[in-house]
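Asks: Below is the file start10.txt, which contains compact mmCIF, C-alpha atoms.
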```txt
# COMPACT_ATOMS: atom_id res chain seq x y z
CA MET A 1 -3.18 -33.05 23.15
CA VAL A 2 -1.33 -34.56 20.19
CA VAL A 3 -0.86 -32.81 16.84
CA GLY A 4 -0.96 -36.02 14.80
CA ALA A 5 -4.25 -37.05 13.16
CA GLY A 6 -5.53 -40.32 14.57
CA PRO A 7 -8.89 -42.13 14.48
CA LEU A 8 -11.47 -39.85 16.05
CA GLN A 9 -14.17 -41.25 18.28
CA ALA A 10 -17.76 -40.27 17.74
CA GLU A 11 -18.33 -39.87 21.43
CA GLY A 12 -16.34 -37.59 23.68
CA SER A 13 -14.99 -35.59 20.79
CA HIS A 14 -13.95 -31.97 21.24
CA PRO A 15 -16.88 -29.55 20.79
CA LEU A 16 -14.87 -27.58 18.17
CA GLY A 17 -13.84 -30.67 16.24
CA ALA A 18 -10.31 -30.94 17.69
CA PRO A 19 -9.04 -34.50 18.38
CA THR A 20 -8.94 -35.61 22.00
CA GLU A 21 -5.98 -37.30 23.57
CA SER A 22 -6.32 -41.08 23.88
CA SER A 23 -4.10 -44.11 24.11
CA ALA A 24 -5.10 -45.22 20.62
CA GLU A 25 -4.02 -41.90 19.22
CA ARG A 26 -0.73 -42.07 21.08
CA ASP A 27 -0.12 -45.50 19.58
CA ASP A 28 -0.82 -44.12 16.10
CA LEU A 29 2.09 -41.71 16.44
CA GLY A 30 4.52 -44.58 16.12
CA SER A 31 2.76 -46.00 13.07
CA PRO A 32 4.46 -45.34 9.72
CA THR A 33 1.08 -44.68 8.15
CA ALA A 34 0.19 -41.94 10.58
CA THR A 35 -0.69 -38.67 8.83
CA ARG A 36 0.69 -35.38 10.00
CA ALA A 37 -1.26 -32.16 10.40
CA PRO A 38 -1.16 -29.93 7.29
CA ALA A 39 1.20 -26.98 7.40
CA PRO A 40 -0.49 -23.70 8.27
CA LEU A 41 -1.41 -21.63 5.26
CA ALA A 42 0.36 -18.33 4.67
CA GLU A 43 -1.56 -15.23 5.63
CA PRO A 44 -3.34 -13.59 2.71
CA PRO A 45 -1.75 -10.36 1.47
CA GLY A 46 -3.00 -7.14 2.96
CA ALA A 47 -4.86 -4.41 1.15
CA LEU A 48 -1.69 -2.36 0.59
CA GLU A 49 0.17 -5.34 -0.84
CA ARG A 50 -2.70 -6.16 -3.17
CA LEU A 51 -2.89 -2.53 -4.30
CA THR A 52 0.86 -2.39 -4.95
CA GLY A 53 0.78 -5.65 -6.89
CA TRP A 54 -2.16 -4.44 -8.96
CA MET A 55 -0.38 -1.17 -9.79
CA LEU A 56 2.80 -2.99 -10.84
CA GLN A 57 0.82 -5.41 -12.98
CA THR A 58 -1.04 -2.51 -14.59
CA GLN A 59 2.25 -0.75 -15.26
CA ARG A 60 3.59 -3.86 -17.01
CA GLN A 61 0.48 -4.09 -19.16
CA LEU A 62 0.64 -0.41 -20.05
CA HIS A 63 4.36 -0.68 -20.79
CA ARG A 64 3.62 -3.55 -23.16
CA GLY A 65 0.87 -1.44 -24.67
CA LEU A 66 3.36 1.38 -25.30
CA THR A 67 5.65 -0.92 -27.27
CA GLU A 68 2.74 -2.38 -29.22
CA GLY A 69 1.42 1.12 -29.89
CA LEU A 70 4.74 2.22 -31.37
CA HIS A 71 4.84 -0.80 -33.69
CA ALA A 72 1.21 -0.25 -34.66
CA LEU A 73 1.99 3.39 -35.44
CA ARG A 74 4.92 2.31 -37.59
CA ASP A 75 2.83 -0.21 -39.53
CA GLY A 76 -0.16 2.10 -39.88
CA PRO A 77 0.44 5.78 -39.07
CA THR A 78 -3.15 6.91 -38.57
CA LYS A 79 -4.92 9.20 -36.15
CA GLN A 80 -6.36 6.21 -34.33
CA THR A 81 -3.00 4.55 -33.68
CA ALA A 82 -1.44 7.88 -32.65
CA GLY A 83 -4.32 8.65 -30.30
CA ALA A 84 -4.12 5.18 -28.75
CA LEU A 85 -0.39 5.63 -28.12
CA ILE A 86 -0.96 9.03 -26.46
CA LEU A 87 -3.73 7.61 -24.26
CA VAL A 88 -1.67 4.64 -23.12
CA SER A 89 1.27 6.96 -22.38
CA LEU A 90 -0.96 9.22 -20.28
CA LEU A 91 -2.29 6.27 -18.27
CA TYR A 92 1.22 4.89 -17.83
CA GLY A 93 2.32 8.21 -16.33
CA VAL A 94 -0.62 8.21 -13.91
CA PHE A 95 0.09 4.70 -12.63
CA HIS A 96 3.86 5.10 -12.70
CA ALA A 97 3.65 8.15 -10.43
CA ALA A 98 1.46 6.23 -7.97
CA GLY A 99 4.37 3.91 -7.14
CA PRO A 100 7.30 4.66 -4.85
CA GLY A 101 9.76 7.35 -5.84
CA HIS A 102 11.99 9.97 -4.28
CA GLY A 103 10.50 12.83 -6.32
CA LYS A 104 7.08 12.57 -4.66
CA ALA A 105 8.67 12.31 -1.22
CA VAL A 106 10.79 15.41 -1.80
CA ILE A 107 7.90 17.47 -3.18
CA SER A 108 5.57 16.39 -0.35
CA ALA A 109 8.13 17.19 2.36
CA TYR A 110 8.87 20.54 0.72
CA LEU A 111 5.22 21.58 0.50
CA LEU A 112 4.42 20.38 4.01
CA THR A 113 7.13 22.51 5.60
CA GLN A 114 7.64 25.47 3.26
CA PRO A 115 5.30 28.45 2.81
CA GLN A 116 3.97 27.66 -0.66
CA ASN A 117 0.32 28.07 -1.63
CA LEU A 118 -1.74 25.48 -3.48
CA ARG A 119 -1.28 27.05 -6.90
CA ARG A 120 2.50 27.05 -6.61
CA GLY A 121 2.39 23.52 -5.20
CA ILE A 122 0.51 22.18 -8.21
CA LEU A 123 2.77 24.18 -10.51
CA LEU A 124 5.81 22.65 -8.79
CA SER A 125 4.50 19.13 -9.39
CA THR A 126 3.67 19.83 -13.03
CA VAL A 127 6.96 21.53 -13.91
CA SER A 128 8.98 18.81 -12.15
CA ALA A 129 7.18 16.05 -14.06
CA LEU A 130 7.62 17.86 -17.37
CA ALA A 131 11.29 18.43 -16.57
CA GLN A 132 11.76 14.67 -16.16
CA GLY A 133 10.20 14.09 -19.58
CA VAL A 134 12.29 16.80 -21.23
CA THR A 135 15.43 15.30 -19.66
CA ALA A 136 14.59 11.90 -21.19
CA ILE A 137 13.97 13.49 -24.61
CA VAL A 138 17.23 15.46 -24.53
CA LEU A 139 19.23 12.49 -23.23
CA VAL A 140 18.09 10.17 -26.03
CA GLY A 141 18.23 12.88 -28.66
CA VAL A 142 21.84 13.77 -27.84
CA LEU A 143 23.31 10.34 -27.07
CA ILE A 144 21.44 8.25 -29.66
CA GLY A 145 20.44 10.77 -32.29
CA LEU A 146 23.58 12.88 -32.25
CA PHE A 147 26.38 10.62 -31.01
CA GLY A 148 24.97 7.30 -32.23
CA TRP A 149 25.03 5.52 -28.87
CA LEU A 150 23.25 2.23 -28.35
CA ALA A 151 20.02 2.17 -26.35
CA ARG A 152 21.65 -0.02 -23.71
CA ASP A 153 24.48 2.45 -23.16
CA THR A 154 22.02 5.33 -23.06
CA LEU A 155 19.96 3.61 -20.39
CA GLY A 156 23.17 3.19 -18.39
CA GLN A 157 23.52 6.96 -18.20
CA VAL A 158 20.24 7.15 -16.31
CA ARG A 159 22.11 5.85 -13.25
CA THR A 160 24.57 8.76 -13.49
CA LEU A 161 21.71 11.25 -13.63
CA GLU A 162 20.04 9.48 -10.72
CA ILE A 163 23.10 9.96 -8.52
CA ALA A 164 23.30 13.61 -9.57
CA SER A 165 19.61 14.05 -8.73
CA PHE A 166 20.05 12.42 -5.32
CA ALA A 167 23.03 14.67 -4.57
CA LEU A 168 21.03 17.77 -5.53
CA VAL A 169 18.21 16.63 -3.25
CA ALA A 170 20.66 16.35 -0.35
CA LEU A 171 22.06 19.81 -1.08
CA LEU A 172 18.54 21.23 -1.29
CA GLY A 173 17.74 19.81 2.14
CA LEU A 174 20.92 21.25 3.64
CA TRP A 175 20.15 24.68 2.15
CA LEU A 176 16.61 24.58 3.59
CA MET A 177 18.08 23.77 6.99
CA VAL A 178 20.55 26.68 6.77
CA ARG A 179 17.76 29.03 5.72
CA ALA A 180 15.58 27.90 8.63
CA LEU A 181 18.42 28.51 11.11
CA ARG A 182 18.98 31.97 9.63
CA HIS A 183 15.26 32.70 9.99
CA ALA A 184 15.35 31.58 13.63
CA TRP A 185 18.34 33.83 14.28
CA ARG A 186 16.54 36.82 12.76
CA LEU A 187 13.51 36.14 14.94
CA HIS A 188 15.71 35.95 18.03
CA ARG A 189 17.50 39.18 17.15
CA ALA A 190 14.22 41.01 16.42
CA HIS A 191 12.85 39.86 19.77
CA ARG A 192 15.91 41.13 21.61
CA GLN A 193 15.69 44.49 19.84
CA ALA A 194 12.00 44.78 20.71
CA VAL A 195 12.71 44.05 24.39
CA ALA A 196 15.56 46.58 24.44
CA ALA A 197 13.39 49.24 22.81
CA ALA A 198 10.60 48.63 25.31
CA HIS A 199 12.96 49.31 28.26
CA ALA A 200 14.76 52.25 26.67
CA PRO A 201 14.48 55.62 28.54
CA GLU A 202 13.44 57.52 25.43
CA HIS A 203 10.38 55.31 25.04
CA VAL A 204 7.87 58.08 25.91
CA HIS A 205 4.19 58.55 25.10
CA ASP A 206 4.90 60.93 22.22
CA HIS A 207 6.37 58.04 20.27
CA ASP A 208 3.96 55.34 21.32
CA HIS A 209 2.20 55.26 17.98
CA ASP A 210 5.37 55.08 15.95
CA HIS A 211 6.89 52.35 18.12
CA ASP A 212 3.71 50.30 18.13
CA HIS A 213 3.46 50.56 14.38
CA GLY A 214 7.07 49.47 13.95
CA HIS A 215 6.67 46.65 16.45
CA LYS A 216 3.55 45.43 14.64
CA HIS A 217 5.42 45.52 11.34
CA ALA A 218 8.21 43.45 12.87
CA GLN A 219 5.68 40.96 14.19
CA ASP A 220 4.02 40.68 10.78
CA GLU A 221 7.31 40.14 9.02
CA HIS A 222 8.92 37.82 11.57
CA CYS A 223 5.93 36.17 13.26
CA GLY A 224 7.33 32.71 12.53
CA CYS A 225 3.95 31.28 11.55
CA GLY A 226 5.35 29.83 8.35
CA THR A 227 3.31 32.11 6.07
CA PRO A 228 5.18 34.93 4.31
CA HIS A 229 3.41 38.27 4.68
CA HIS A 230 5.52 39.69 1.86
CA VAL A 231 6.90 38.00 -1.25
CA ASP A 232 10.24 36.43 -0.37
CA PRO A 233 12.51 35.93 -3.38
CA ASN A 234 14.38 33.19 -1.50
CA HIS A 235 11.33 30.93 -1.74
CA ARG A 236 11.43 31.28 -5.51
CA GLY A 237 15.04 30.11 -5.51
CA THR A 238 14.29 26.96 -3.51
CA TRP A 239 11.24 26.34 -5.70
CA TRP A 240 13.39 26.16 -8.81
CA ALA A 241 16.05 24.17 -6.94
CA THR A 242 13.39 21.56 -6.14
CA VAL A 243 12.39 21.41 -9.80
CA LEU A 244 16.03 20.89 -10.80
CA ALA A 245 16.70 18.23 -8.15
CA VAL A 246 13.63 16.20 -9.13
CA GLY A 247 13.55 16.88 -12.87
CA ILE A 248 17.17 16.06 -13.66
CA ARG A 249 16.42 12.36 -13.15
CA PRO A 250 14.55 11.00 -16.20
CA CYS A 251 12.04 8.19 -15.99
CA SER A 252 13.56 4.94 -17.24
CA GLY A 253 10.35 4.08 -19.05
CA ALA A 254 10.41 7.42 -20.88
CA VAL A 255 14.03 6.85 -21.90
CA LEU A 256 13.18 3.39 -23.22
CA ILE A 257 10.18 4.66 -25.18
CA MET A 258 12.32 7.39 -26.73
CA ALA A 259 15.03 4.85 -27.62
CA VAL A 260 12.53 2.45 -29.23
CA SER A 261 10.73 5.20 -31.13
CA THR A 262 14.05 6.58 -32.41
CA ALA A 263 15.11 3.11 -33.59
CA LEU A 264 11.79 2.74 -35.43
CA GLY A 265 12.18 6.13 -37.08
CA LEU A 266 9.29 7.60 -35.04
CA ALA A 267 11.10 10.06 -32.82
CA TRP A 268 8.22 12.53 -33.01
CA ALA A 269 5.83 9.87 -31.69
CA GLY A 270 8.22 9.13 -28.84
CA VAL A 271 8.35 12.83 -27.91
CA ALA A 272 4.54 13.02 -27.89
CA ALA A 273 4.29 9.85 -25.82
CA VAL A 274 6.85 11.07 -23.26
CA LEU A 275 5.11 14.44 -22.89
CA ALA A 276 1.78 12.68 -22.38
CA MET A 277 3.45 10.42 -19.84
CA SER A 278 4.78 13.49 -18.02
CA LEU A 279 1.31 15.02 -17.89
CA GLY A 280 -0.07 11.81 -16.39
CA THR A 281 2.69 11.85 -13.78
CA ALA A 282 1.97 15.52 -13.07
CA ALA A 283 -1.72 14.75 -12.49
CA THR A 284 -0.95 12.12 -9.84
CA VAL A 285 1.76 14.16 -8.11
CA SER A 286 -0.51 17.23 -8.13
CA VAL A 287 -3.05 15.26 -6.11
CA LEU A 288 -0.33 14.51 -3.54
CA ALA A 289 0.70 18.17 -3.56
CA THR A 290 -2.91 19.23 -2.94
CA LEU A 291 -3.13 16.86 0.02
CA ALA A 292 0.16 18.14 1.45
CA VAL A 293 -0.76 21.82 1.18
CA SER A 294 -4.29 21.18 2.47
CA ALA A 295 -2.93 19.28 5.48
CA ARG A 296 -0.50 22.10 6.28
CA ASP A 297 -3.20 24.78 5.96
CA TRP A 298 -5.66 22.73 8.01
CA THR A 299 -3.10 22.42 10.78
CA ARG A 300 -2.52 26.18 10.75
CA ARG A 301 -6.27 26.87 10.95
CA TRP A 302 -6.66 24.32 13.75
CA LEU A 303 -3.98 26.02 15.80
CA GLY A 304 -5.56 29.42 15.22
CA PRO A 305 -3.93 32.86 15.21
CA SER A 306 -3.51 33.03 18.99
CA ARG A 307 -1.69 29.70 19.26
CA MET A 308 0.37 30.43 16.17
CA GLY A 309 1.40 33.74 17.70
CA ARG A 310 2.68 32.01 20.82
CA LEU A 311 4.62 29.48 18.74
CA THR A 312 7.17 32.04 17.62
CA TYR A 313 9.62 29.60 16.11
CA ILE A 314 7.17 27.24 14.42
CA GLY A 315 8.13 28.47 10.95
CA PRO A 316 11.88 27.84 11.37
CA ALA A 317 11.15 24.56 13.16
CA LEU A 318 9.06 23.30 10.23
CA GLY A 319 11.66 24.48 7.75
CA LEU A 320 14.44 22.78 9.69
CA THR A 321 12.45 19.55 9.93
CA GLY A 322 11.55 19.53 6.25
CA GLY A 323 15.10 20.31 5.22
CA GLY A 324 16.39 17.53 7.43
CA VAL A 325 13.97 15.00 5.94
CA ILE A 326 14.87 16.02 2.38
CA ALA A 327 18.60 15.94 3.13
CA LEU A 328 18.24 12.50 4.72
CA ILE A 329 16.36 11.20 1.66
CA GLY A 330 19.00 12.51 -0.72
CA LEU A 331 21.97 11.34 1.34
CA SER A 332 20.59 7.84 1.85
CA LEU A 333 19.83 7.50 -1.86
CA VAL A 334 23.32 8.68 -2.82
CA LEU A 335 24.98 6.21 -0.45
CA GLY A 336 22.69 3.41 -1.61
CA ALA A 337 23.33 4.12 -5.29
CA ILE A 338 27.10 4.15 -4.77
CA ALA A 339 27.32 1.13 -2.49
CA TYR A 340 24.96 -1.24 -4.30
CA GLN A 341 24.16 -2.29 -7.82
CA PRO A 342 21.00 -0.73 -9.28
CA VAL A 343 17.86 -2.69 -8.53
CA ALA A 344 16.15 -4.23 -11.53
CA HIS A 345 13.34 -2.07 -12.90
CA PRO A 346 9.89 -3.58 -12.19
CA LEU A 347 8.97 -3.26 -15.86
CA GLY A 348 12.08 -5.00 -17.11
CA VAL A 349 13.68 -1.81 -18.41
CA ARG A 350 17.08 -2.72 -16.96
```
So that I can check it, write out the structure of this file as structure tokens.

Replies:
Amino acid sequence: MVVGAGPLQAEGSHPLGAPTESSAERDDLGSPTATRAPAPLAEPPGALERLTGWMLQTQRQLHRGLTEGLHALRDGPTKQTAGALILVSLLYGVFHAAGPGHGKAVISAYLLTQPQNLRRGILLSTVSALAQGVTAIVLVGVLIGLFGWLARDTLGQVRTLEIASFALVALLGLWLMVRALRHAWRLHRAHRQAVAAAHAPEHVHDHDHDHDHGHKHAQDEHCGCGTPHHVDPNHRGTWWATVLAVGIRPCSGAVLIMAVSTALGLAWAGVAAVLAMSLGTAATVSVLATLAVSARDWTRRWLGPSRMGRLTYIGPALGLTGGGVIALIGLSLVLGAIAYQPVAHPLGVR
């Protein structure tokens, strides 16, 4: 069959409408007026691509609305214009957090593999988002307000803070891996001590109750199920380390809004807008944190106490895996930021 479009015959045509091969059609291939088949159309974008494009377009519109809101507040400082600016900032934070970013990946990996409950997971997301907003406020306030830097130079410092944030993420992952290995070693040592005590000659019936009670306490404390039976202060340290690693990197949009508001003499409006933006980001990331903690707890319930008891090293294994993922994220971002020029911001910030 020939791809070229020739004169189709009424009779003997293909049942699906495709041209049939004939001598007349073969002759038409050599004709200069012969028409060629149209090029195949590109496949329509998938649902994920359409969703991503819609979110980016919405972010651009909201970013434009932030700038217009600041100018409207300057021209007419009323409750209506201030409320509109706060609302647009809140929505911008919600949609901005829905896009790709290393902070959400780090928080999700941390909550999936570390023994944190839902309340602390939501608190982690909220504090991290607020820390990003506070970093943007302090950065602009010090460099522009105190030292008189230009907005362009101030935005350039965001890249330095990004690299520092990526490095802290890598260090956090390495520390989680070290802590998981230490936990595995303690489990192994406790198991060896329990086996040695069980075969000791002095293990008589008079001490059965005491030994059983101590063995049960060791199982509760070192069961390896990933859930702490007592409050572990080390978890609090990694919790704050995660906040620092994520929060030290300010949002470029927040920095730009602070720079514009400072130039317009409306620094207080910029602070309010950035805080509202941080709350919007916290709302979206908290949803992801809820999903991560719920998925981890569902998996634990599905395995059940008996299976969890047999999986002695599941806690250290999850901690080691989560730490490795976080360290890989941070290391790859550090290498990428050093080796390549920063990618243009989708909202035209840089």

Asks: Which of these, A:Leu320, A:Leu333, A:Leu288, A:Val255, has the shortest distance to Ile144 (chain A) once you count all atoms listed in the file?

Replies: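 Smallest distance to Ile144 (chain A) is found for A:Val255.
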
Asks: Could you work out how far CA of Val169 (chain A) lies from CA of Ala245 (chain A), giving the answer in Å with one decimal?

Replies: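 For CA of Ala245 (chain A) relative to CA of Val169 (chain A), the distance reads 5.4 Å.
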
Asks: Considering only C-alpha atoms, state which residue in the set A:Arg236, A:Arg186, A:Arg249, A:Arg179 is at the smallest distance from Ser128 (chain A).

Replies: A:Arg249

Asks: Please identify all polymer residues within 10 Å of Leu66 (chain A), counting only C-alpha atoms, omitting same-chain residues fewer than 6 positions from it, and present them as a list of chain:residue names.

Replies: A:Arg60, A:Ala72, A:Ala84, A:Leu85, A:Ile86, A:Leu87, A:Val88, A:Ser89, A:Tyr92, A:Gly253, A:Ile257, A:Gly270, A:Ala273

Asks: Nearest to Ala136 (chain A) among A:Val243, A:Ile163, A:Cys251, A:Ala98, with distances taken over only C-alpha atoms: which residue is it?

Replies: A:Cys251

Asks: I'd like the neighbourhood of region 102-105 of chain A as a list in words, where a residue qualifies if any of its atoms comes within 8 Å (using all atoms listed in the file), though same-chain residues fewer than 5 positions away should be ignored.

Replies: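 Contacts, with the query itself left out: Val246, Val285, Leu288 and Ile329 of chain A.
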
Asks: Next, dump the selected residues to file, keeping only C-alpha atoms, as a compact mmCIF listing (two decimals), in the frame of the given file.

Replies:
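Now in part11.txt:
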```txt
# COMPACT_ATOMS: atom_id res chain seq x y z
CA VAL A 246 13.63 16.20 -9.13
CA VAL A 285 1.76 14.16 -8.11
CA LEU A 288 -0.33 14.51 -3.54
CA ILE A 329 16.36 11.20 1.66
```

Asks: What does the distance from CA of Thr299 (chain A) to CA of Leu124 (chain A) come to in Å, to one decimal?

Replies: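 Computed distance, CA of Thr299 (chain A) to CA of Leu124 (chain A), equals 21.5 Å.
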
Asks: Nearest to Ser125 (chain A): which of A:Ala269, A:Leu279, A:Thr78, A:Leu155 is it, counting all atoms listed in the file?

Replies: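 Answer, going by the shortest atom-to-atom distance: A:Leu279.
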
Asks: Please determine, counting only C-alpha atoms, which residue among A:Gly156, A:Val274, A:Leu168, A:Gly324 has the shortest atom-to-atom distance to Ser261 (chain A).

Replies: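 The answer is A:Val274, which sits nearest to Ser261 (chain A).
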
Asks: Just how far from CA of Leu256 (chain A) is CA of Gly145 (chain A), in Å to one decimal?

Replies: 13.8 Å

Asks: Closest to Trp268 (chain A) among A:Gly101, A:Gly336, A:Gly247, A:Gly141, using all atoms listed in the file?

Replies: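 Among the listed residues, A:Gly141 lies closest to Trp268 (chain A).
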
Asks: Scan for residues within 12 Å of the point (3.4, 27.3, 3.8) in the coordinates of the file, using all atoms listed in the file, and reply as a PDB file with C-alpha atoms, in the frame of the given file.

Replies:
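Full text of result_35.pdb as output:
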```pdb
ATOM      1  CA  SER A 108       5.570  16.390  -0.350  1.00  0.00           C
ATOM      2  CA  ALA A 109       8.130  17.190   2.360  1.00  0.00           C
ATOM      3  CA  TYR A 110       8.870  20.540   0.720  1.00  0.00           C
ATOM      4  CA  LEU A 111       5.220  21.580   0.500  1.00  0.00           C
ATOM      5  CA  LEU A 112       4.420  20.380   4.010  1.00  0.00           C
ATOM      6  CA  THR A 113       7.130  22.510   5.600  1.00  0.00           C
ATOM      7  CA  GLN A 114       7.640  25.470   3.260  1.00  0.00           C
ATOM      8  CA  PRO A 115       5.300  28.450   2.810  1.00  0.00           C
ATOM      9  CA  GLN A 116       3.970  27.660  -0.660  1.00  0.00           C
ATOM     10  CA  ASN A 117       0.320  28.070  -1.630  1.00  0.00           C
ATOM     11  CA  LEU A 118      -1.740  25.480  -3.480  1.00  0.00           C
ATOM     12  CA  ARG A 119      -1.280  27.050  -6.900  1.00  0.00           C
ATOM     13  CA  ARG A 120       2.500  27.050  -6.610  1.00  0.00           C
ATOM     14  CA  GLY A 121       2.390  23.520  -5.200  1.00  0.00           C
ATOM     15  CA  GLY A 224       7.330  32.710  12.530  1.00  0.00           C
ATOM     16  CA  CYS A 225       3.950  31.280  11.550  1.00  0.00           C
ATOM     17  CA  GLY A 226       5.350  29.830   8.350  1.00  0.00           C
ATOM     18  CA  THR A 227       3.310  32.110   6.070  1.00  0.00           C
ATOM     19  CA  PRO A 228       5.180  34.930   4.310  1.00  0.00           C
ATOM     20  CA  HIS A 229       3.410  38.270   4.680  1.00  0.00           C
ATOM     21  CA  HIS A 235      11.330  30.930  -1.740  1.00  0.00           C
ATOM     22  CA  ALA A 292       0.160  18.140   1.450  1.00  0.00           C
ATOM     23  CA  VAL A 293      -0.760  21.820   1.180  1.00  0.00           C
ATOM     24  CA  SER A 294      -4.290  21.180   2.470  1.00  0.00           C
ATOM     25  CA  ALA A 295      -2.930  19.280   5.480  1.00  0.00           C
ATOM     26  CA  ARG A 296      -0.500  22.100   6.280  1.00  0.00           C
ATOM     27  CA  ASP A 297      -3.200  24.780   5.960  1.00  0.00           C
ATOM     28  CA  TRP A 298      -5.660  22.730   8.010  1.00  0.00           C
ATOM     29  CA  THR A 299      -3.100  22.420  10.780  1.00  0.00           C
ATOM     30  CA  ARG A 300      -2.520  26.180  10.750  1.00  0.00           C
ATOM     31  CA  ILE A 314       7.170  27.240  14.420  1.00  0.00           C
ATOM     32  CA  GLY A 315       8.130  28.470  10.950  1.00  0.00           C
ATOM     33  CA  PRO A 316      11.880  27.840  11.370  1.00  0.00           C
ATOM     34  CA  LEU A 318       9.060  23.300  10.230  1.00  0.00           C
ATOM     35  CA  GLY A 319      11.660  24.480   7.750  1.00  0.00           C
ATOM     36  CA  GLY A 322      11.550  19.530   6.250  1.00  0.00           C
TER      37      GLY A 322
END
```

Asks: Show which residues sit within 8 Å of Leu130 (chain A), as a ChimeraX atom specification. Count only C-alpha atoms, and ignore same-chain residues fewer than 4 positions away.

Replies: /A:126,134,247,275,278-279,282

Asks: Residues within 6 Å of Gly93 (chain A), please, as a PDB file with C-alpha atoms, in the coordinates of the input. Count all atoms listed in the file; anything in the same chain fewer than 5 positions from it doesn't count.

Replies:
```
ATOM      1  CA  MET A 277       3.450  10.420 -19.840  1.00  0.00           C
ATOM      2  CA  GLY A 280      -0.070  11.810 -16.390  1.00  0.00           C
ATOM      3  CA  THR A 281       2.690  11.850 -13.780  1.00  0.00           C
TER       4      THR A 281
END
```
